[in-house]
Structures are given as C-alpha cells and as structure tokens.
$ cat protein.tsv   # TSV, C-alpha atoms
chain	number	residue	atom	x	y	z
A	471	MET	CA	0.00	0.00	0.00
A	472	ILE	CA	1.28	3.48	-0.87
A	473	ASP	CA	1.47	5.94	2.02
A	474	TYR	CA	-0.41	9.23	1.91
A	475	ILE	CA	2.17	12.02	2.25
A	476	PRO	CA	1.10	15.71	2.40
A	477	LEU	CA	2.89	17.93	-0.10
A	478	SER	CA	4.72	19.74	2.70
A	479	ALA	CA	6.13	16.46	4.02
A	480	LEU	CA	7.56	15.22	0.73
A	481	CYS	CA	11.30	14.71	0.49
A	482	ALA	CA	13.63	13.32	-2.17
A	483	THR	CA	13.38	9.80	-0.72
A	484	SER	CA	9.59	9.73	-0.16
A	485	ARG	CA	9.14	7.31	-3.09
A	486	ASP	CA	11.39	4.88	-4.92
A	487	PRO	CA	13.25	6.53	-7.84
A	488	ASP	CA	11.40	4.42	-10.43
A	489	PHE	CA	7.98	4.95	-8.83
A	490	PRO	CA	5.48	5.94	-11.58
A	491	PHE	CA	4.65	9.57	-10.85
A	492	CYS	CA	2.58	10.47	-13.91
A	493	PHE	CA	2.01	9.52	-17.52
A	494	CYS	CA	0.93	10.84	-20.91
A	495	GLY	CA	0.14	8.34	-23.62
A	496	ASP	CA	2.83	5.66	-23.52
A	497	LYS	CA	5.34	7.87	-21.69
A	498	THR	CA	5.75	7.52	-17.93
A	499	ARG	CA	7.57	9.98	-15.69
A	500	THR	CA	9.04	8.57	-12.49
A	501	TRP	CA	9.64	9.96	-9.01
A	502	ARG	CA	13.24	10.52	-10.07
A	503	ASP	CA	12.03	12.63	-13.00
A	504	PHE	CA	9.96	14.67	-10.55
A	505	THR	CA	12.80	15.34	-8.10
A	506	VAL	CA	15.23	16.21	-10.90
A	507	THR	CA	12.78	18.65	-12.51
A	508	VAL	CA	11.95	20.28	-9.17
A	509	ALA	CA	15.67	20.78	-8.53
A	510	THR	CA	16.15	22.27	-12.00
A	511	ILE	CA	13.43	24.89	-11.56
A	512	ARG	CA	14.42	25.50	-7.96
A	513	ARG	CA	17.95	26.46	-8.95
A	514	PHE	CA	16.58	29.20	-11.19
A	515	ILE	CA	14.19	30.51	-8.54
A	516	LYS	CA	16.91	30.49	-5.87
A	517	ASP	CA	19.07	32.79	-8.02
A	518	SER	CA	16.18	35.21	-8.61
A	519	PRO	CA	15.26	38.11	-6.29
A	520	ASN	CA	11.54	37.66	-6.99
A	521	GLU	CA	9.51	36.74	-3.91
A	522	ARG	CA	6.33	35.94	-5.86
A	523	TRP	CA	5.86	33.77	-8.94
A	524	VAL	CA	2.88	33.71	-11.28
A	525	LEU	CA	2.56	30.15	-12.57
A	526	ASN	CA	0.76	29.09	-15.73
A	527	CYS	CA	1.41	25.68	-17.28
A	528	ASP	CA	-1.04	23.29	-18.94
A	529	ASP	CA	1.34	20.33	-18.51
A	530	LEU	CA	0.39	19.09	-15.04
A	531	PHE	CA	3.77	17.44	-14.47
A	532	LEU	CA	5.69	20.67	-15.12
A	533	PHE	CA	3.09	22.64	-13.16
A	534	ASP	CA	3.53	20.39	-10.12
A	535	CYS	CA	7.31	20.59	-10.35
A	536	ALA	CA	7.25	24.39	-10.59
A	537	LEU	CA	4.75	24.71	-7.73
A	538	VAL	CA	6.89	22.57	-5.42
A	539	ALA	CA	10.07	24.41	-6.46
A	540	ILE	CA	8.51	27.79	-5.66
A	541	LEU	CA	7.33	26.65	-2.24
A	542	GLN	CA	10.62	24.90	-1.47
A	543	GLU	CA	12.41	28.21	-1.93
A	544	GLY	CA	10.02	29.97	0.43
A	545	ARG	CA	8.44	32.07	-2.30
A	546	GLU	CA	4.75	32.73	-2.94
A	547	ALA	CA	3.13	30.70	-5.73
A	548	MET	CA	0.40	32.34	-7.80
A	549	PRO	CA	-1.23	29.74	-10.10
A	550	CYS	CA	-3.26	31.50	-12.74
A	551	ALA	CA	-5.13	30.30	-15.84
A	552	ASN	CA	-5.68	33.84	-17.16
A	553	THR	CA	-2.81	35.05	-19.36
A	554	THR	CA	-4.44	38.06	-20.98
A	555	PRO	CA	-2.02	41.02	-21.21
A	556	ALA	CA	-4.30	43.28	-19.17
A	557	PHE	CA	-4.52	40.85	-16.25
A	558	LEU	CA	-0.83	39.95	-16.32
A	559	SER	CA	0.06	43.63	-16.19
A	560	GLU	CA	-1.74	43.81	-12.85
A	561	LEU	CA	0.05	40.77	-11.44
A	562	LEU	CA	3.57	41.38	-12.68
A	563	THR	CA	4.51	44.10	-10.22
A	564	PRO	CA	8.12	44.58	-9.02
A	565	GLY	CA	9.27	41.48	-7.15
A	566	THR	CA	6.99	39.15	-9.16
A	567	GLY	CA	8.29	36.66	-11.73
A	568	PHE	CA	6.37	34.56	-14.24
A	569	LEU	CA	6.91	30.87	-15.01
A	570	CYS	CA	4.93	29.64	-17.98
A	571	GLY	CA	4.50	26.50	-20.04
A	572	GLN	CA	4.42	28.51	-23.26
A	573	ALA	CA	6.63	31.15	-24.77
A	574	LEU	CA	5.33	34.57	-23.72
A	575	PRO	CA	7.36	37.80	-23.88
A	576	CYS	CA	7.07	38.47	-20.14
A	577	ALA	CA	7.59	34.87	-18.97
A	578	VAL	CA	10.31	32.33	-18.28
A	579	SER	CA	9.56	29.20	-20.30
A	580	ILE	CA	9.49	26.15	-18.03
A	581	PRO	CA	10.17	23.65	-20.88
A	582	GLU	CA	13.18	25.70	-22.01
A	583	LEU	CA	14.45	26.00	-18.47
A	584	VAL	CA	14.18	22.25	-17.87
A	585	ALA	CA	15.77	21.39	-21.21
A	586	HIS	CA	18.91	23.46	-20.61
A	587	THR	CA	19.68	22.90	-16.91
A	588	VAL	CA	21.17	19.83	-15.22
A	589	PRO	CA	20.97	19.87	-11.41
A	590	SER	CA	23.55	18.24	-9.17
A	591	GLU	CA	22.77	15.25	-6.95
A	592	GLU	CA	23.04	17.58	-3.94
A	593	GLU	CA	20.37	19.85	-5.43
A	594	ILE	CA	18.11	16.88	-6.13
A	595	ALA	CA	18.50	15.61	-2.56
A	596	ALA	CA	17.61	19.07	-1.20
A	597	LEU	CA	13.89	18.36	-1.60
A	598	VAL	CA	12.96	18.40	2.09
A	599	PRO	CA	9.79	18.90	4.19
A	600	LEU	CA	8.61	22.48	4.60
A	601	ASP	CA	6.33	24.40	6.97
A	602	PRO	CA	2.78	24.25	5.54
A	603	ALA	CA	1.67	27.16	7.73
A	604	SER	CA	4.14	29.55	6.13
A	605	ALA	CA	4.00	28.25	2.53
A	606	ARG	CA	1.79	30.62	0.53
A	607	ILE	CA	-0.34	29.99	-2.54
A	608	THR	CA	-2.59	32.67	-4.03
A	609	LEU	CA	-5.32	31.38	-6.33
A	610	TYR	CA	-7.53	33.38	-8.70
A	611	THR	CA	-11.08	33.10	-9.96
A	612	SER	CA	-11.48	32.60	-13.71
A	613	GLY	CA	-12.73	36.11	-14.34
A	614	SER	CA	-15.63	34.80	-16.43
A	615	THR	CA	-18.10	36.97	-14.51
A	616	GLY	CA	-15.87	39.96	-13.90
A	617	ARG	CA	-12.35	40.86	-12.88
A	618	PRO	CA	-10.44	37.83	-11.48
A	619	GLN	CA	-10.31	37.85	-7.70
A	620	ALA	CA	-7.36	36.71	-5.58
A	621	PHE	CA	-7.75	34.17	-2.78
A	622	PRO	CA	-4.61	33.83	-0.61
A	623	LYS	CA	-4.19	30.40	0.96
A	624	ARG	CA	-1.70	28.71	3.22
A	625	LEU	CA	-0.53	25.32	2.03
A	626	ALA	CA	-1.78	23.94	5.36
A	627	GLU	CA	-5.35	24.84	4.40
A	628	LEU	CA	-5.12	23.13	1.02
A	629	GLU	CA	-3.50	20.08	2.57
A	630	ALA	CA	-6.31	19.83	5.11
A	631	GLU	CA	-8.84	19.69	2.26
A	632	SER	CA	-6.79	17.18	0.26
A	633	GLY	CA	-6.41	15.02	3.34
A	634	GLU	CA	-10.16	14.99	3.91
A	635	LEU	CA	-10.73	13.93	0.30
A	636	TYR	CA	-8.38	11.02	0.83
A	637	LEU	CA	-10.13	10.02	4.05
A	638	LEU	CA	-13.43	10.00	2.18
A	639	TRP	CA	-12.40	8.17	-0.97
A	640	GLY	CA	-8.86	6.85	-0.55
A	641	SER	CA	-9.96	3.22	-0.35
A	642	LEU	CA	-11.84	3.59	-3.64
A	643	LEU	CA	-8.96	5.32	-5.43
A	644	ARG	CA	-6.07	2.99	-4.63
A	645	GLY	CA	-4.63	1.21	-7.63
A	646	ARG	CA	-6.28	3.54	-10.15
A	647	ARG	CA	-4.93	6.26	-12.41
A	648	PHE	CA	-6.15	9.86	-12.51
A	649	TYR	CA	-7.47	11.75	-15.52
A	650	SER	CA	-8.86	15.27	-15.43
A	651	THR	CA	-11.05	17.51	-17.58
A	652	VAL	CA	-10.62	20.53	-15.27
A	653	ASN	CA	-7.96	23.22	-15.05
A	654	HIS	CA	-5.50	22.55	-12.22
A	655	GLN	CA	-4.76	26.27	-11.94
A	656	HIS	CA	-8.04	26.84	-10.09
A	657	ILE	CA	-8.75	25.50	-6.61
A	658	TYR	CA	-10.94	22.53	-7.60
A	659	GLY	CA	-8.47	21.19	-10.12
A	660	LEU	CA	-5.54	21.96	-7.84
A	661	LEU	CA	-7.05	19.90	-5.02
A	662	PHE	CA	-8.45	16.96	-6.99
A	663	ALA	CA	-6.11	16.69	-9.99
A	664	ALA	CA	-2.80	17.85	-8.49
A	665	LEU	CA	-2.48	17.63	-4.70
A	666	LEU	CA	-4.54	14.48	-4.14
A	667	PRO	CA	-2.69	12.28	-6.69
A	668	ILE	CA	0.77	13.49	-5.60
A	669	SER	CA	0.12	12.91	-1.91
A	670	SER	CA	-1.63	9.59	-2.38
A	671	GLY	CA	0.97	8.26	-4.82
A	672	MET	CA	-1.51	7.64	-7.61
A	673	PRO	CA	-0.23	8.18	-11.17
A	674	PHE	CA	-2.00	10.93	-13.08
A	675	CYS	CA	-2.25	11.95	-16.71
A	676	SER	CA	-0.24	15.13	-17.21
A	677	GLU	CA	-2.44	16.22	-20.11
A	678	GLN	CA	-5.92	17.63	-19.48
A	679	ILE	CA	-8.74	15.88	-21.33
A	680	ARG	CA	-10.44	18.53	-23.46
A	681	TYR	CA	-12.78	16.57	-25.76
A	682	PRO	CA	-15.49	14.00	-24.98
A	683	GLU	CA	-14.09	11.71	-27.68
A	684	SER	CA	-10.91	11.29	-25.63
A	685	LEU	CA	-12.89	9.61	-22.86
A	686	GLU	CA	-13.88	6.79	-25.20
A	687	SER	CA	-10.25	5.88	-25.85
A	688	LEU	CA	-8.96	5.81	-22.27
A	689	PRO	CA	-6.75	2.72	-21.88
A	690	ASP	CA	-7.82	2.16	-18.26
A	691	GLY	CA	-10.85	0.05	-17.51
A	692	ASP	CA	-11.36	1.61	-14.10
A	693	PRO	CA	-9.92	5.15	-14.08
A	694	VAL	CA	-10.50	8.07	-11.72
A	695	LEU	CA	-11.96	10.97	-13.70
A	696	VAL	CA	-11.89	14.47	-12.24
A	697	CYS	CA	-14.52	16.56	-14.02
$ encode --input "protein.tsv" --output "structure tokens"
Amino acid sequence: MIDYIPLSALCATSRDPDFPFCFCGDKTRTWRDFTVTVATIRRFIKDSPNERWVLNCDDLFLFDCALVAILQEGREAMPCANTTPAFLSELLTPGTGFLCGQALPCAVSIPELVAHTVPSEEEIAALVPLDPASARITLYTSGSTGRPQAFPKRLAELEAESGELYLLWGSLLRGRRFYSTVNHQHIYGLLFAALLPISSGMPFCSEQIRYPESLESLPDGDPVLVC
C-alpha cells in the first residue's frame, strides 16, 4: 500500500526513484524525474530576487514541479489560468516573476528551463519537508463573470482539504490512475487533480482531457476521472 504524504512532508526519498509519478500516452515519468525537474526549476528561482511567482502551465507534471520548487524556496506561488495582457500587467509588479508553459514575452519558459539545466545530486536531494503554515499559494477566480479575484491560501489549508478527500475516498482510489477535464490552476483542479494524486501516490495523466471523444479511448478500464 502506498502511504499518503502531504505535499509539505515530501522529500527526495519519499518514493522509490522508479515509482510511476505520472504519464501521458505511452510515456511515464518517475519519481526521479519529478525530483530532478523540481531541482532544476528551484535552482533558477533560488538565483532570482523575486519573492512571488505567477505560474501558468497546462502540462500538469511541469506545473507540479514548478509549484513545489517555488514553495521549497520559500516564495509565494500564484497559479493562474488567465494570461491576458491586461490581467498579467496587474500581477507582474516589481518582485513578481512569471513561469509559464508557453513562450510569452514576459515569462520564463518552463520547458526551455528544464531542457537546458542539469541539477547536481546535492540539489536533487535538497527536496525536504517544509512548513505548511508559512508556505503561501494565491489562487484566482477565472474572471468569467468579472475581474479575477485573488484568494490567498496557506498550504496547510489546502492540505487539510486534500487530506479529507483522501479520508473519504482513498480506499476507492487505490490502484487507479487519474485523468482530469478541469484546469488545475483553479482551486478545484488543484485539489483533486494535483495535490490528491501526488500525496496519495496515484499516477495521473499530465495532459488535461479537453474533448469527450478522448474519454472513449482511455486505456484504463477503471480510471478516476476528475470533471
């Protein structure tokens, strides 16, 4: 049985190196891939003076790695699905950086960063537990009914919710793989599609399902679908 480990309690040795962390199609990323990618992004953040980081990345694996790297360095994470120039201009104040899964003029490209940086073994091993009461994550509404609103959270609050979800349904979820149709950059997707699978050790699809036809071709006979 895989142990449930809150995000704040994760360390480099929490899982075996070849433990299946996530997947996309036939490609599987392992726990080792996760710790290496976290260390890669963390090195960049450590060398930056920015205390806050806007985070936008559709690839859930890279999103998770960037989120953990930001928190590990004691910086504030600001997941955001809205990348319109007007909204970004409000967020990107002095002291705020931008990590993104796509190439935008005002952003640091996460795929480019990962592709051109090789962390040391010491940096990889530096993934250690952190204080969930001081780790800060600011989430935003979608803005579909007006200007997006900010909701500051402590990691401890999000972990409490994720832990309750596991208490409710953990026995039903074990041994299954996660798929999601929702955006992990809002609170519902963050809790159900990101934090819950990581902490419970259940492999998840790093690509969001966007079309109903994709559900018909899922290779799993008994998947967990977040929708």
$ residues_around --input "protein.tsv" --residues "region 587-593 of chain A" --least-positions-apart "2" --cutoff "10 Å" --atoms "all atoms listed in the file" --output "list in words"
Ala482, Thr505, Val506, Thr507, Val508, Ala509, Thr510, Ile511, Arg512, Arg513, Phe514, Glu582, Leu583, Val584, Ala585, Ala595, Ala596 and Leu597 of chain A
$ atom_distance --input "protein.tsv" --atom1 "CA of Asp486 (chain A)" --atom2 "CA of Cys675 (chain A)"
19.4 Å
$ closest_residue --input "protein.tsv" --among "A:Trp523, A:Phe648, A:Phe489, A:Phe504" --to "Cys535 (chain A)" --atoms "all atoms listed in the file"
A:Phe504
$ residues_around --input "protein.tsv" --residues "Leu574 (chain A)" --least-positions-apart "5" --cutoff "12 Å" --atoms "only C-alpha atoms" --output "CSV table (one decimal) with C-alpha atoms, keeping the file's coordinate frame"
chain,number,residue,atom,x,y,z
A,526,ASN,CA,0.8,29.1,-15.7
A,527,CYS,CA,1.4,25.7,-17.3
A,553,THR,CA,-2.8,35.0,-19.4
A,554,THR,CA,-4.4,38.1,-21.0
A,555,PRO,CA,-2.0,41.0,-21.2
A,558,LEU,CA,-0.8,40.0,-16.3
A,568,PHE,CA,6.4,34.6,-14.2
A,569,LEU,CA,6.9,30.9,-15.0
A,579,SER,CA,9.6,29.2,-20.3
A,580,ILE,CA,9.5,26.2,-18.0
A,582,GLU,CA,13.2,25.7,-22.0
$ closest_residue --input "protein.tsv" --among "A:Pro682, A:Thr651, A:His656, A:Leu666" --to "Cys697 (chain A)" --atoms "all atoms listed in the file"
A:Thr651
$ residues_around --input "protein.tsv" --residues "Glu629 (chain A)" --least-positions-apart "6" --cutoff "9 Å" --atoms "all atoms listed in the file" --output "PyMOL selection string"
chain A and resi 476-478+602+661+665-666
$ residues_around --input "protein.tsv" --residues "Tyr658 (chain A)" --least-positions-apart "4" --cutoff "12 Å" --atoms "all atoms listed in the file" --output "ChimeraX atom specification"
/A:609-612,628,631-632,635,650-654,662-666,696-697
$ atom_distance --input "protein.tsv" --atom1 "CA of Gly565 (chain A)" --atom2 "CA of Gly659 (chain A)"
27.1 Å
$ closest_residue --input "protein.tsv" --among "A:Ser669, A:Gln542, A:Ser641, A:Ser676" --to "Leu530 (chain A)" --atoms "only C-alpha atoms"
A:Ser676
$ residues_around --input "protein.tsv" --residues "Thr608 (chain A)" --least-positions-apart "3" --cutoff "6 Å" --atoms "only C-alpha atoms" --output "list in words"
Met548, Phe621, Pro622 and Lys623 of chain A
$ residues_near_point --input "protein.tsv" --point "(-0.7, 35.8, -10.9)" --cutoff "7 Å" --atoms "only C-alpha atoms" --output "VMD selection string"
chain A and resid 524 to 525 548 to 550 558 561
$ write_last_selection --input "protein.tsv" --atoms "C-alpha atoms" --output "mmCIF file, in the frame of the given file"
data_model
loop_
_atom_site.group_PDB
_atom_site.id
_atom_site.type_symbol
_atom_site.label_atom_id
_atom_site.label_comp_id
_atom_site.auth_asym_id
_atom_site.auth_seq_id
_atom_site.Cartn_x
_atom_site.Cartn_y
_atom_site.Cartn_z
ATOM 1 C CA VAL A 524 2.880 33.710 -11.280
ATOM 2 C CA LEU A 525 2.560 30.150 -12.570
ATOM 3 C CA MET A 548 0.400 32.340 -7.800
ATOM 4 C CA PRO A 549 -1.230 29.740 -10.100
ATOM 5 C CA CYS A 550 -3.260 31.500 -12.740
ATOM 6 C CA LEU A 558 -0.830 39.950 -16.320
ATOM 7 C CA LEU A 561 0.050 40.770 -11.440
#
$ closest_residue --input "protein.tsv" --among "A:Asp488, A:Asp503, A:Glu686, A:Asp692" --to "Arg644 (chain A)" --atoms "all atoms listed in the file"
A:Asp692
$ closest_residue --input "protein.tsv" --among "A:Ala626, A:Leu660, A:Ala479, A:Ile607" --to "Ala547 (chain A)" --atoms "all atoms listed in the file"
A:Ile607
$ closest_residue --input "protein.tsv" --among "A:Gly640, A:Val538, A:Val598, A:Arg499" --to "Thr483 (chain A)" --atoms "only C-alpha atoms"
A:Val598
$ decode --input "protein.tsv" --residues "region 488-500 of chain A" --atoms "all heavy atoms" --output "mmCIF file, in the first residue's frame"
data_model
loop_
_atom_site.group_PDB
_atom_site.id
_atom_site.type_symbol
_atom_site.label_atom_id
_atom_site.label_comp_id
_atom_site.auth_asym_id
_atom_site.auth_seq_id
_atom_site.Cartn_x
_atom_site.Cartn_y
_atom_site.Cartn_z
ATOM 1 N N ASP A 488 12.137 4.864 -9.237
ATOM 2 C CA ASP A 488 11.403 4.422 -10.426
ATOM 3 C C ASP A 488 9.895 4.355 -10.213
ATOM 4 O O ASP A 488 9.157 3.829 -11.043
ATOM 5 C CB ASP A 488 11.914 3.064 -10.888
ATOM 6 C CG ASP A 488 11.776 1.981 -9.815
ATOM 7 O OD1 ASP A 488 11.441 2.329 -8.660
ATOM 8 O OD2 ASP A 488 12.013 0.794 -10.122
ATOM 9 N N PHE A 489 9.423 4.920 -9.100
ATOM 10 C CA PHE A 489 7.983 4.949 -8.828
ATOM 11 C C PHE A 489 7.268 5.743 -9.913
ATOM 12 O O PHE A 489 7.674 6.855 -10.247
ATOM 13 C CB PHE A 489 7.730 5.586 -7.457
ATOM 14 C CG PHE A 489 6.283 5.602 -7.051
ATOM 15 C CD1 PHE A 489 5.708 4.503 -6.444
ATOM 16 C CD2 PHE A 489 5.490 6.718 -7.285
ATOM 17 C CE1 PHE A 489 4.363 4.514 -6.069
ATOM 18 C CE2 PHE A 489 4.161 6.739 -6.916
ATOM 19 C CZ PHE A 489 3.590 5.628 -6.309
ATOM 20 N N PRO A 490 6.185 5.214 -10.513
ATOM 21 C CA PRO A 490 5.482 5.936 -11.582
ATOM 22 C C PRO A 490 4.740 7.150 -11.034
ATOM 23 O O PRO A 490 3.742 7.005 -10.329
ATOM 24 C CB PRO A 490 4.522 4.890 -12.149
ATOM 25 C CG PRO A 490 4.317 3.909 -11.029
ATOM 26 C CD PRO A 490 5.601 3.878 -10.261
ATOM 27 N N PHE A 491 5.214 8.329 -11.369
ATOM 28 C CA PHE A 491 4.655 9.573 -10.846
ATOM 29 C C PHE A 491 3.472 10.039 -11.686
ATOM 30 O O PHE A 491 2.413 10.386 -11.164
ATOM 31 C CB PHE A 491 5.745 10.641 -10.823
ATOM 32 C CG PHE A 491 5.330 11.942 -10.207
ATOM 33 C CD1 PHE A 491 5.186 12.065 -8.837
ATOM 34 C CD2 PHE A 491 5.096 13.063 -10.994
ATOM 35 C CE1 PHE A 491 4.813 13.272 -8.255
ATOM 36 C CE2 PHE A 491 4.719 14.271 -10.434
ATOM 37 C CZ PHE A 491 4.577 14.376 -9.058
ATOM 38 N N CYS A 492 3.653 10.063 -13.012
ATOM 39 C CA CYS A 492 2.576 10.470 -13.914
ATOM 40 C C CYS A 492 2.826 9.863 -15.284
ATOM 41 O O CYS A 492 3.845 9.212 -15.522
ATOM 42 C CB CYS A 492 2.455 11.991 -13.980
ATOM 43 S SG CYS A 492 3.808 12.804 -14.853
ATOM 44 N N PHE A 493 1.904 10.103 -16.193
ATOM 45 C CA PHE A 493 2.015 9.518 -17.524
ATOM 46 C C PHE A 493 1.315 10.418 -18.531
ATOM 47 O O PHE A 493 0.498 11.283 -18.178
ATOM 48 C CB PHE A 493 1.390 8.115 -17.551
ATOM 49 C CG PHE A 493 -0.064 8.108 -17.193
ATOM 50 C CD1 PHE A 493 -1.046 8.205 -18.173
ATOM 51 C CD2 PHE A 493 -0.478 8.029 -15.861
ATOM 52 C CE1 PHE A 493 -2.391 8.222 -17.838
ATOM 53 C CE2 PHE A 493 -1.821 8.047 -15.518
ATOM 54 C CZ PHE A 493 -2.774 8.134 -16.514
ATOM 55 N N CYS A 494 1.643 10.187 -19.789
ATOM 56 C CA CYS A 494 0.932 10.841 -20.905
ATOM 57 C C CYS A 494 1.105 9.945 -22.116
ATOM 58 O O CYS A 494 2.220 9.780 -22.612
ATOM 59 C CB CYS A 494 1.483 12.242 -21.172
ATOM 60 S SG CYS A 494 0.542 13.152 -22.407
ATOM 61 N N GLY A 495 0.027 9.329 -22.552
ATOM 62 C CA GLY A 495 0.138 8.342 -23.618
ATOM 63 C C GLY A 495 0.953 7.156 -23.119
ATOM 64 O O GLY A 495 0.697 6.604 -22.051
ATOM 65 N N ASP A 496 1.973 6.785 -23.892
ATOM 66 C CA ASP A 496 2.828 5.656 -23.520
ATOM 67 C C ASP A 496 4.025 6.077 -22.672
ATOM 68 O O ASP A 496 4.803 5.222 -22.243
ATOM 69 C CB ASP A 496 3.339 4.947 -24.780
ATOM 70 C CG ASP A 496 2.211 4.307 -25.583
ATOM 71 O OD1 ASP A 496 1.206 3.918 -24.958
ATOM 72 O OD2 ASP A 496 2.338 4.222 -26.822
ATOM 73 N N LYS A 497 4.178 7.371 -22.435
ATOM 74 C CA LYS A 497 5.342 7.866 -21.692
ATOM 75 C C LYS A 497 5.027 7.981 -20.205
ATOM 76 O O LYS A 497 4.009 8.547 -19.819
ATOM 77 C CB LYS A 497 5.774 9.227 -22.227
ATOM 78 C CG LYS A 497 7.006 9.792 -21.533
ATOM 79 C CD LYS A 497 7.426 11.123 -22.130
ATOM 80 C CE LYS A 497 8.668 11.671 -21.447
ATOM 81 N NZ LYS A 497 9.090 12.977 -22.031
ATOM 82 N N THR A 498 5.905 7.437 -19.374
ATOM 83 C CA THR A 498 5.755 7.516 -17.930
ATOM 84 C C THR A 498 6.892 8.330 -17.346
ATOM 85 O O THR A 498 8.054 8.155 -17.711
ATOM 86 C CB THR A 498 5.759 6.111 -17.288
ATOM 87 O OG1 THR A 498 4.653 5.363 -17.785
ATOM 88 C CG2 THR A 498 5.664 6.203 -15.780
ATOM 89 N N ARG A 499 6.552 9.245 -16.437
ATOM 90 C CA ARG A 499 7.573 9.980 -15.693
ATOM 91 C C ARG A 499 7.628 9.415 -14.278
ATOM 92 O O ARG A 499 6.590 9.189 -13.657
ATOM 93 C CB ARG A 499 7.256 11.470 -15.671
ATOM 94 C CG ARG A 499 7.498 12.189 -17.005
ATOM 95 C CD ARG A 499 7.310 13.682 -16.826
ATOM 96 N NE ARG A 499 7.777 14.451 -17.945
ATOM 97 C CZ ARG A 499 6.972 15.043 -18.827
ATOM 98 N NH1 ARG A 499 5.666 14.915 -18.697
ATOM 99 N NH2 ARG A 499 7.463 15.760 -19.815
ATOM 100 N N THR A 500 8.832 9.212 -13.776
ATOM 101 C CA THR A 500 9.037 8.575 -12.487
ATOM 102 C C THR A 500 9.243 9.606 -11.379
ATOM 103 O O THR A 500 9.343 10.813 -11.632
ATOM 104 C CB THR A 500 10.258 7.664 -12.542
ATOM 105 O OG1 THR A 500 11.436 8.482 -12.781
ATOM 106 C CG2 THR A 500 10.125 6.626 -13.651
#
